[in-house]
Amino acid sequence: MGFSDFHGNEDVVRRLRDMLARNRFPHAVILAGPAGSGKYTLSLMLAQAMNCLTSPIIAGLPDFCGKCSNCLRISEALDLPSRCTEAVEAREALRETDKKETRIFVQTHPDVLVIPPDPPQMMIKVDQVRRVIGTIYFRPADARERVYIFTASAFMREAANSLLKVLEEPPEFATIFILTENAGELLSTIRSRSIVIPLAALSPPEIEKYLAKHRPEWNARQRALVARLAQGAVGRARNFDLPGYTAARAQALTILRSALLAADHSELFKVTETIRPGAEGRERMDTLLSTMYSLLQDLMFLNSGTPELVRNTDIAAELNKLAESADLAWIAKAAEGLGDVERGMRRNLLRSLSLDAFAAAMER
């Protein structure tokens, strides 16, 4: 257990470990990269390295053992979705008056605090930042460093302004991590008081190599598909719902075939009738639409002479057949039509009828 378990961005990890070795680690770090690129995992690893009780040196640089009490307690926060669900459920169990004053935090170690976006707005709120301000100037109890991890950059304005006060006069024994997909979303004053560390997307071959070890139940063809669909994010690849995606893709192909090739729409109606009202239907519809966008992009790549960019490589023959009837003008019109379907969903239009109308409007 250690930094060797982090996949990809070796130069970035080496640079951060070198900062630790020279006691030059900044008080505030913005880790920027796509969803699933490992920002949260890396921030927890750095928290472990800062506070490991054995502090091993691997390849001449600081590492962590993953076995001491500090490492184990910090690693308990690794499953962030589950921890956030627990925190939300705990808040829901409170009295109504207490719910309004309670914010969501994840803390499995007394000196490492994880601050996720607070539902339902899913933003970092001022009370969460005040919790940081209220504890950051106390020396750590069981660790060498206090570590605070903001898992998103969606700050309410008052919260962002409050965070600036800490960044201007940080204690020497505390480190703040801010995780974001786009550092530009943060106030320029926050960026100027932090160091921005970008995490690059991984190449499909790198992700395939990772999946061969961590998802051995997938065959080579499936790993190649997921590696391309993950768009460089190893975390997204590891947790990819392959059965759900292939089911949605089969429906999406039926809709596109109906619009491009079929005179009989009976298969189309069989698909659209399965989209039900309610939260489950909304989730299925979202998955279906994102899958259709993915297929339209692949058709665009084929039409523009860049087949190497196609992501759904396992159905190349099917896509080539569709591409013969779908020129770039049709693809652009289809993408616009999907946008109309999404807007209709926000107005609570019947989902099955929206898809039927889309396919009818796109007939060649």
# chains A, B, ... in the order shown; residues from 1 in each chain; ligands from 1

$ residues_around --residues "stretch 91-102 of chain A" --least-positions-apart "4" --cutoff "10 Å" --atoms "only C-alpha atoms" --output "ChimeraX atom specification"
/A:85-87,118,127-128

$ write_last_selection --atoms "C-alpha atoms" --output "compact mmCIF listing (two decimals), in the first residue's frame"
# COMPACT_ATOMS: atom_id res chain seq x y z
CA THR A 85 -24.97 8.93 2.15
CA GLU A 86 -24.40 8.06 5.81
CA ALA A 87 -24.00 11.74 6.69
CA ASP A 118 -24.10 20.13 0.88
CA ASP A 127 -21.33 27.01 7.64
CA GLN A 128 -19.03 24.32 6.28

$ select_by_dssp --residues "stretch 104-333 of chain A" --states "strand (DSSP E or B)" --output "PyMOL selection string"
chain A and resi 106-109+112-115+118+123-124+146-150+155+174-180+195-198

$ residues_around --residues "A:Cys84" --least-positions-apart "4" --cutoff "7 Å" --atoms "only C-alpha atoms" --output "list in words"
Leu80, Val88 and Val106 of chain A

$ write_last_selection --atoms "C-alpha atoms" --output "PDB file, in the first residue's frame"
ATOM      1  CA  LEU A  80     -16.876   9.026  -0.442  1.00  0.00           C
ATOM      2  CA  VAL A  88     -27.182  12.705   4.851  1.00  0.00           C
ATOM      3  CA  VAL A 106     -17.037  13.254   6.396  1.00  0.00           C
TER       4      VAL A 106
END

$ closest_residue --among "A:Gln222, A:Thr175, A:Asn51, A:Ser75" --to "A:Ala143" --atoms "only C-alpha atoms"
A:Asn51

$ residues_around --residues "stretch 58-74 of chain A" --least-positions-apart "3" --cutoff "7 Å" --atoms "only C-alpha atoms" --output "short mmCIF file (atom, residue, chain, number, x, y, z; two decimals) with C-alpha atoms, in the first residue's frame"
data_model
loop_
_atom_site.label_atom_id
_atom_site.label_comp_id
_atom_site.auth_asym_id
_atom_site.auth_seq_id
_atom_site.Cartn_x
_atom_site.Cartn_y
_atom_site.Cartn_z
CA MET A 1 0.00 0.00 0.00
CA GLY A 2 1.34 3.43 -0.93
CA PHE A 3 1.65 5.86 -3.82
CA ARG A 17 6.17 13.75 -2.88
CA ASP A 18 9.28 15.82 -3.54
CA LEU A 20 6.84 16.68 1.12
CA ALA A 21 10.46 15.52 1.25
CA LEU A 44 -6.27 11.14 0.86
CA GLN A 48 -1.78 9.64 4.85
CA ALA A 49 1.79 10.44 3.82
CA ASN A 51 0.56 11.68 9.01
CA CYS A 52 1.83 8.10 8.63
CA LEU A 53 3.30 6.87 11.90
CA THR A 54 6.07 4.88 10.16
CA SER A 55 6.75 7.36 7.33
CA ALA A 77 -13.05 7.97 4.05
CA THR A 108 -12.99 9.29 9.94
CA HIS A 109 -9.86 10.80 11.56
#

$ residues_around --residues "A:Ala248" --least-positions-apart "3" --cutoff "12 Å" --atoms "only C-alpha atoms" --output "MDAnalysis selection string"
chainID A and resid 241:245 251:255 271:272 274:275 283:295

$ select_by_dssp --residues "stretch 100-300 of chain A" --states "helix (DSSP H, G or I)" --output "ChimeraX atom specification"
/A:126-136,157-168,183-185,188-192,204-214,220-229,234-238,242-260,266-272,278-300

$ residues_around --residues "stretch 202-215 of chain A" --least-positions-apart "6" --cutoff "10 Å" --atoms "only C-alpha atoms" --output "ChimeraX atom specification"
/A:7-9,37,221-235,237-239,311

$ atom_distance --atom1 "atom CA of A:Ala361" --atom2 "atom CA of A:Ala259"
7.9 Å

$ residues_around --residues "A:Glu158" --least-positions-apart "2" --cutoff "12 Å" --atoms "only C-alpha atoms" --output "list in words"
Met123, Ile124, Lys125, Val126, Asp127, Gln128, Val129, Arg130, Ala154, Phe155, Met156, Ala160, Asn161, Ser162, Leu163, Leu164, Lys165 and Leu187 of chain A

$ write_last_selection --atoms "N, CA and C atoms" --output "JSON list (two decimals), in the first residue's frame"
[["chain", "number", "residue", "atom", "x", "y", "z"],
["A", 123, "MET", "N", -23.71, 22.54, -3.04],
["A", 123, "MET", "CA", -22.68, 23.57, -3.04],
["A", 123, "MET", "C", -22.01, 23.60, -1.67],
["A", 124, "ILE", "N", -20.76, 24.09, -1.65],
["A", 124, "ILE", "CA", -20.07, 24.30, -0.37],
["A", 124, "ILE", "C", -20.67, 25.54, 0.28],
["A", 125, "LYS", "N", -21.16, 25.40, 1.50],
["A", 125, "LYS", "CA", -21.88, 26.49, 2.16],
["A", 125, "LYS", "C", -21.02, 27.14, 3.24],
["A", 126, "VAL", "N", -21.43, 28.34, 3.62],
["A", 126, "VAL", "CA", -20.61, 29.13, 4.54],
["A", 126, "VAL", "C", -20.45, 28.43, 5.89],
["A", 127, "ASP", "N", -21.46, 27.71, 6.35],
["A", 127, "ASP", "CA", -21.33, 27.01, 7.64],
["A", 127, "ASP", "C", -20.27, 25.92, 7.58],
["A", 128, "GLN", "N", -20.09, 25.33, 6.41],
["A", 128, "GLN", "CA", -19.03, 24.32, 6.28],
["A", 128, "GLN", "C", -17.66, 24.98, 6.38],
["A", 129, "VAL", "N", -17.50, 26.13, 5.74],
["A", 129, "VAL", "CA", -16.22, 26.85, 5.82],
["A", 129, "VAL", "C", -15.99, 27.35, 7.24],
["A", 130, "ARG", "N", -17.04, 27.77, 7.91],
["A", 130, "ARG", "CA", -16.88, 28.23, 9.29],
["A", 130, "ARG", "C", -16.39, 27.10, 10.20],
["A", 154, "ALA", "N", -17.69, 24.17, -6.18],
["A", 154, "ALA", "CA", -18.95, 24.93, -6.24],
["A", 154, "ALA", "C", -19.20, 25.57, -4.88],
["A", 155, "PHE", "N", -18.58, 26.74, -4.66],
["A", 155, "PHE", "CA", -18.72, 27.46, -3.40],
["A", 155, "PHE", "C", -19.81, 28.52, -3.53],
["A", 156, "MET", "N", -20.65, 28.62, -2.51],
["A", 156, "MET", "CA", -21.50, 29.80, -2.43],
["A", 156, "MET", "C", -20.59, 31.02, -2.19],
["A", 160, "ALA", "N", -16.96, 31.16, -0.26],
["A", 160, "ALA", "CA", -15.69, 31.41, -0.93],
["A", 160, "ALA", "C", -14.96, 32.59, -0.28],
["A", 161, "ASN", "N", -15.68, 33.65, 0.04],
["A", 161, "ASN", "CA", -15.06, 34.81, 0.67],
["A", 161, "ASN", "C", -14.54, 34.46, 2.07],
["A", 162, "SER", "N", -15.26, 33.60, 2.78],
["A", 162, "SER", "CA", -14.80, 33.18, 4.12],
["A", 162, "SER", "C", -13.53, 32.35, 4.02],
["A", 163, "LEU", "N", -13.46, 31.50, 2.99],
["A", 163, "LEU", "CA", -12.27, 30.66, 2.82],
["A", 163, "LEU", "C", -11.03, 31.51, 2.57],
["A", 164, "LEU", "N", -11.19, 32.64, 1.92],
["A", 164, "LEU", "CA", -10.06, 33.53, 1.65],
["A", 164, "LEU", "C", -9.35, 33.94, 2.94],
["A", 165, "LYS", "N", -10.12, 34.14, 4.00],
["A", 165, "LYS", "CA", -9.53, 34.57, 5.28],
["A", 165, "LYS", "C", -8.53, 33.53, 5.80],
["A", 187, "LEU", "N", -12.65, 31.50, -7.47],
["A", 187, "LEU", "CA", -12.28, 32.91, -7.47],
["A", 187, "LEU", "C", -10.79, 33.06, -7.76]]

$ atom_distance --atom1 "atom CA of A:Glu168" --atom2 "atom CA of A:Arg103"
24.5 Å

$ atom_distance --atom1 "atom CA of A:Ala32" --atom2 "atom CA of A:Ile197"
6.1 Å
